[in-house]
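Asker: Input my_file.txt, format and content: compact mmCIF, C-alpha atoms.
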```
# COMPACT_ATOMS: atom_id res chain seq x y z
CA MET I 191 -6.94 18.40 -23.83
CA SER I 192 -3.75 17.45 -22.04
CA ASP I 193 -0.24 17.39 -23.47
CA ALA I 194 2.22 15.06 -21.72
CA LEU I 195 5.59 16.71 -22.28
CA ALA I 196 9.08 15.91 -20.98
CA PRO I 197 10.12 18.92 -18.86
CA PRO I 198 13.42 20.47 -19.88
CA GLU I 199 15.01 20.24 -16.44
CA ALA I 200 13.68 16.83 -15.34
CA PRO I 201 15.89 13.74 -15.62
CA ALA I 202 14.98 11.19 -18.27
CA GLN I 203 14.92 8.52 -15.60
CA THR I 204 15.18 8.20 -11.85
CA PRO I 205 18.80 8.68 -10.81
CA THR I 206 20.67 5.94 -8.96
CA LEU I 207 20.25 6.61 -5.25
CA ALA I 208 22.64 5.65 -2.50
CA GLU I 209 21.89 2.40 -0.69
CA PRO I 210 20.67 2.39 1.96
CA PHE I 211 18.90 5.71 1.54
CA ASP I 212 19.35 7.14 5.01
CA ARG I 213 19.88 10.56 6.58
CA ALA I 214 23.28 10.96 4.95
CA ALA I 215 21.92 9.98 1.54
CA PHE I 216 19.11 12.51 1.92
CA ALA I 217 21.63 15.22 2.79
CA ALA I 218 23.73 14.34 -0.25
CA ALA I 219 20.71 14.30 -2.58
CA THR I 220 19.20 17.58 -1.38
CA ASN I 221 22.12 19.61 0.03
CA ALA I 222 20.04 20.03 3.18
CA SER I 223 21.68 22.03 5.96
CA GLU I 224 22.39 20.62 9.41
CA ASP I 225 19.55 22.74 10.81
CA GLN I 226 17.14 21.28 8.25
CA LEU I 227 18.33 17.75 8.98
CA ALA I 228 17.91 18.37 12.71
CA ASP I 229 14.31 19.50 12.12
CA LEU I 230 13.65 16.38 10.05
CA ASP I 231 15.12 14.27 12.86
CA ARG I 232 12.73 15.89 15.33
CA PHE I 233 9.83 15.46 12.93
CA LEU I 234 10.61 11.75 12.61
CA VAL I 235 10.73 11.36 16.40
CA LEU I 236 7.40 13.14 16.80
CA LEU I 237 5.83 11.14 13.99
CA THR I 238 7.04 7.88 15.52
CA GLU I 239 5.72 8.82 18.96
CA ARG I 240 2.30 9.91 17.72
CA ASN I 241 1.89 7.16 15.16
CA ALA I 242 1.01 4.56 17.77
CA GLN I 243 -2.08 6.52 18.79
CA LEU I 244 -3.04 8.17 15.51
CA ASN I 245 -2.04 5.57 12.90
CA LEU I 246 -0.65 8.27 10.62
CA VAL I 247 1.56 6.01 8.48
CA GLY I 248 2.32 2.30 8.27
CA PRO I 249 5.28 0.84 10.21
CA SER I 250 7.13 -0.01 7.00
CA ALA I 251 6.78 3.60 5.87
CA LEU I 252 8.45 4.82 9.06
CA ALA I 253 11.36 2.49 8.41
CA ALA I 254 11.78 4.04 4.95
CA PHE I 255 11.25 7.61 6.15
CA TRP I 256 14.21 9.26 4.43
CA LEU I 257 13.42 7.97 0.94
CA ARG I 258 9.71 7.21 0.89
CA HIS I 259 8.61 10.34 2.73
CA ALA I 260 11.35 12.95 3.19
CA TYR I 261 13.04 12.76 -0.22
CA ASP I 262 9.79 11.99 -2.03
CA SER I 263 8.41 15.27 -0.62
CA ALA I 264 11.58 17.33 -0.98
CA GLN I 265 11.88 16.66 -4.70
CA LEU I 266 9.06 19.11 -5.40
CA LEU I 267 11.44 21.98 -4.68
CA VAL I 268 13.53 20.84 -7.67
CA PHE I 269 10.54 21.39 -9.96
CA ALA I 270 9.43 24.70 -8.42
CA PRO I 271 12.58 26.23 -6.89
CA GLU I 272 11.24 29.79 -6.79
CA ALA I 273 7.87 28.93 -5.24
CA LEU I 274 7.39 30.26 -1.72
CA VAL I 275 3.68 29.80 -0.94
CA TRP I 276 2.38 26.23 -1.14
CA ALA I 277 -0.92 24.48 -0.49
CA ASP I 278 -0.87 20.80 0.50
CA ILE I 279 -4.27 19.15 0.00
CA GLY I 280 -4.98 16.29 2.40
CA ALA I 281 -1.79 16.94 4.36
CA GLY I 282 -2.31 13.87 6.58
CA ALA I 283 0.95 13.03 8.35
CA GLY I 284 2.70 16.01 6.78
CA PHE I 285 3.88 14.74 3.41
CA PRO I 286 4.81 16.68 1.46
CA GLY I 287 3.72 19.81 3.37
CA LEU I 288 5.72 19.57 6.60
CA VAL I 289 8.86 18.53 4.75
CA LEU I 290 8.47 21.50 2.42
CA ALA I 291 7.95 23.82 5.40
CA ILE I 292 11.14 22.51 7.01
CA LEU I 293 13.16 23.07 3.85
CA LEU I 294 11.62 26.51 3.21
CA LYS I 295 12.06 27.67 6.81
CA GLY I 296 14.03 30.90 6.94
CA ARG I 297 13.24 32.00 3.38
CA PRO I 298 11.47 35.39 3.41
CA GLY I 299 7.84 35.06 2.38
CA ALA I 300 7.74 31.27 2.67
CA GLN I 301 4.46 29.72 3.85
CA VAL I 302 2.86 26.30 3.52
CA HIS I 303 -0.89 25.84 3.93
CA LEU I 304 -1.66 22.37 5.29
CA MET I 305 -5.23 21.36 4.50
CA GLU I 306 -6.69 18.40 6.35
CA SER I 307 -10.32 17.55 7.11
CA THR I 308 -9.57 15.06 9.93
CA ALA I 309 -9.31 16.82 13.29
CA LYS I 310 -6.87 14.38 14.93
CA ARG I 311 -4.44 14.73 12.05
CA CYS I 312 -4.75 18.50 12.25
CA ARG I 313 -3.76 18.33 15.91
CA PHE I 314 -0.63 16.40 14.95
CA LEU I 315 0.21 18.87 12.20
CA GLU I 316 -0.27 21.82 14.55
CA GLU I 317 1.93 20.16 17.17
CA ALA I 318 4.70 19.60 14.62
CA CYS I 319 4.47 23.15 13.29
CA LEU I 320 4.73 24.57 16.80
CA ALA I 321 7.53 22.26 17.91
CA LEU I 322 9.63 23.02 14.84
CA ASP I 323 8.65 26.69 14.48
CA LEU I 324 7.62 26.17 10.88
CA PRO I 325 6.24 28.72 8.38
CA ALA I 326 3.01 26.76 8.02
CA ILE I 327 -0.70 27.16 8.73
CA VAL I 328 -3.00 24.21 9.43
CA HIS I 329 -6.54 24.42 8.03
CA ASN I 330 -9.05 21.95 9.44
CA ALA I 331 -11.18 22.24 6.32
CA ARG I 332 -11.83 20.80 2.90
CA ALA I 333 -9.44 22.30 0.37
CA GLU I 334 -12.21 23.23 -2.06
CA ASP I 335 -13.87 25.38 0.63
CA LEU I 336 -10.87 27.68 1.01
CA GLU I 337 -9.84 30.60 -1.18
CA LEU I 338 -6.10 31.13 -1.03
CA LYS I 339 -3.58 32.59 -3.44
CA VAL I 340 -0.58 30.25 -3.64
CA ASP I 341 2.30 29.57 -6.00
CA VAL I 342 1.94 25.79 -6.04
CA VAL I 343 -0.81 23.39 -5.00
CA THR I 344 0.18 19.79 -4.34
CA ALA I 345 -1.26 16.52 -3.04
CA ARG I 346 -0.08 12.98 -2.43
CA ALA I 347 -2.34 9.91 -2.34
CA VAL I 348 -5.54 11.95 -2.04
CA ALA I 349 -7.82 11.07 -4.97
CA PRO I 350 -7.89 10.21 -8.68
CA LEU I 351 -6.87 13.20 -10.79
CA VAL I 352 -10.40 13.89 -12.03
CA LYS I 353 -11.54 14.48 -8.42
CA LEU I 354 -8.29 16.04 -7.28
CA LEU I 355 -8.60 18.81 -9.84
CA GLY I 356 -11.94 19.74 -8.32
CA TYR I 357 -10.32 20.04 -4.90
CA ALA I 358 -7.44 22.07 -6.35
CA TRP I 359 -9.55 24.27 -8.63
CA PRO I 360 -9.77 27.26 -6.22
CA TYR I 361 -5.95 27.50 -6.33
CA LEU I 362 -5.37 26.56 -9.95
CA CYS I 363 -7.89 29.13 -11.19
CA ARG I 364 -5.96 31.81 -9.29
CA GLY I 365 -2.76 31.00 -11.15
CA ALA I 366 -1.18 28.27 -9.04
CA THR I 367 0.84 25.51 -10.66
CA GLY I 368 -0.24 21.98 -9.76
CA LEU I 369 2.37 19.39 -8.75
CA PHE I 370 0.64 16.11 -7.96
CA PHE I 371 2.18 12.75 -7.03
CA LYS I 372 0.94 9.87 -9.16
CA GLY I 373 1.88 6.30 -10.03
CA GLN I 374 1.97 4.07 -13.07
CA ASP I 375 -1.72 4.61 -13.91
CA VAL I 376 -1.25 8.33 -14.43
CA GLU I 377 -1.96 8.20 -18.18
CA THR I 378 -5.34 6.60 -17.48
CA GLU I 379 -6.10 9.28 -14.88
CA LEU I 380 -5.12 12.06 -17.27
CA LYS I 381 -7.39 10.65 -19.98
CA ALA I 382 -10.33 10.42 -17.57
CA ALA I 383 -9.75 13.98 -16.39
CA THR I 384 -10.00 15.40 -19.92
CA ARG I 385 -13.73 14.65 -19.91
CA TYR I 386 -14.20 17.48 -17.41
CA TRP I 387 -11.06 19.60 -17.60
CA LYS I 388 -8.79 21.25 -20.15
CA PHE I 389 -5.19 21.66 -19.06
CA HIS I 390 -1.54 21.61 -20.06
CA ALA I 391 0.28 18.74 -18.35
CA ARG I 392 3.85 17.59 -18.01
CA LEU I 393 4.74 14.17 -16.66
CA ILE I 394 7.93 14.36 -14.62
CA PRO I 395 9.71 11.16 -13.56
CA SER I 396 9.86 10.91 -9.78
CA LEU I 397 13.34 11.29 -8.30
CA SER I 398 12.48 8.90 -5.46
CA SER I 399 10.76 6.00 -7.26
CA PRO I 400 11.03 4.54 -10.76
CA GLN I 401 7.27 3.90 -10.73
CA GLY I 402 6.31 7.40 -9.62
CA ARG I 403 5.40 10.45 -11.66
CA ILE I 404 4.86 14.10 -10.80
CA VAL I 405 2.05 15.67 -12.80
CA GLN I 406 2.70 19.34 -13.43
CA LEU I 407 -0.47 21.18 -14.44
CA LYS I 408 -0.96 24.69 -15.78
CA ARG I 409 -3.56 26.64 -17.74
CA ILE I 410 -6.58 24.70 -16.53
CA SER I 411 -10.22 25.34 -17.29
CA ARG I 412 -13.49 23.41 -17.07
CA VAL I 413 -14.94 21.59 -20.06
CA ARG I 414 -18.32 23.06 -20.92
CA PRO I 415 -21.08 20.43 -20.87
CA GLY I 416 -22.72 19.45 -24.16
```
Mind turning this structure into structure tokens?
Answerer:
Amino acid sequence: MSDALAPPEAPAQTPTLAEPFDRAAFAAATNASEDQLADLDRFLVLLTERNAQLNLVGPSALAAFWLRHAYDSAQLLVFAPEALVWADIGAGAGFPGLVLAILLKGRPGAQVHLMESTAKRCRFLEEACLALDLPAIVHNARAEDLELKVDVVTARAVAPLVKLLGYAWPYLCRGATGLFFKGQDVETELKAATRYWKFHARLIPSLSSPQGRIVQLKRISRVRPG
């Protein structure tokens, strides 16, 4: 069964963020370097240019890029600061995977695996990785069909937890920690998942949204039928 525990290093509630949450606020919240901020600037330009053709994110999401996408993604490094090898399931427009790759760039051994089944999104991800010289590999494949050893597997807005664990199983069973973005219905999703999975779970308050939660999963196994 799952145990929802308050992590020792997570804040009890979402901290007060600077208004408006812009590039400067992101830099203050993350201690990002000027090189990292410059890469995020270039990523935003590329995303804006390609969004018209590919419909990667909604227009309102672009307007809130620094909080809703960049900081939302970057917060994962707070919860797994030593992790170097990441897998992003359903990488889509690059959140959180491309942001993580930008922030991990230059760290020896860092690599982000971006998994996306839609070819046009893979082309965008590959273009961004090449343009920014990122330590990332794009896989035009379903996550559950790959066998990779990673430190952390993550996903944002991909599927309910009961399905998501099936996608993430090849990584979790090899020792990866799961860090999954979820909303207010996370308790319901956790309960549903216990019908098929045993795991240890921590619910971490999101640093970017008072409604958001990060589900940290470890020690997972399948529930035997019957």
Asker: Choose the residue, out of I:His259, I:Lys353, I:Lys408, I:Arg364, that has the smallest atom-to-atom separation from Phe211 of chain I; count all atoms listed in the file.
Answerer: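 Comparing I:His259, I:Lys353, I:Lys408, I:Arg364 against Phe211 of chain I, the winner is I:His259.
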Asker: With only C-alpha atoms counted, which protein, DNA or RNA residues have an atom no more than 6 Å from (1.9, 16.3, -5.5) in the file frame? Please answer as a ChimeraX atom specification.
Answerer: /I:344-346,369-371
Asker: Given the choices I:Thr238, I:Gln406, I:Leu336, I:Cys312, which gets closest to Gly368 of chain I if the distance is worked out from all atoms listed in the file?
Answerer: I:Gln406
Asker: Separation of atom CA of Ala333 of chain I and atom CA of Ala347 of chain I, in Å?
Answerer: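 Distance between the two atoms: 14.5 Å.
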Asker: Given the choices I:Gly356, I:Pro415, I:Gly296, I:Pro350, which gets closest to Asp225 of chain I if the distance is worked out from all atoms listed in the file?
Answerer: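 Closest residue, counting all atoms listed in the file: I:Gly296.
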Asker: Quick check, in Å to one decimal: how far apart do atom CA of Gly287 of chain I and atom CA of His390 of chain I lie?
Answerer: 24.1 Å
Asker: With distances taken over all atoms listed in the file, which residue among I:Ala217, I:Ala366, I:Leu355, I:Leu237 lies nearest Ala273 of chain I?
Answerer: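 The shortest atom-to-atom distance to Ala273 of chain I comes from I:Ala366.
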Asker: For Gly373 of chain I, list every protein, DNA or RNA residue within 9 Å, evaluated using all atoms listed in the file, and leave out those in the same chain fewer than 3 positions away; present the list as a JSON list (two decimals) with C-alpha atoms, keeping the file's coordinate frame.
Answerer:
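Saved file out_1.json follows:
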```json
[["chain", "number", "residue", "atom", "x", "y", "z"],
["I", 376, "VAL", "CA", -1.25, 8.33, -14.43],
["I", 401, "GLN", "CA", 7.27, 3.90, -10.73],
["I", 402, "GLY", "CA", 6.31, 7.40, -9.62],
["I", 403, "ARG", "CA", 5.40, 10.45, -11.66],
["I", 404, "ILE", "CA", 4.86, 14.10, -10.80]]
```
Asker: Given all atoms listed in the file as the basis, pick out the residue of I:Thr367, I:Trp387, I:His303, I:Ile292 nearest to Val352 of chain I.
Answerer: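 Among the listed residues, I:Trp387 lies closest to Val352 of chain I.
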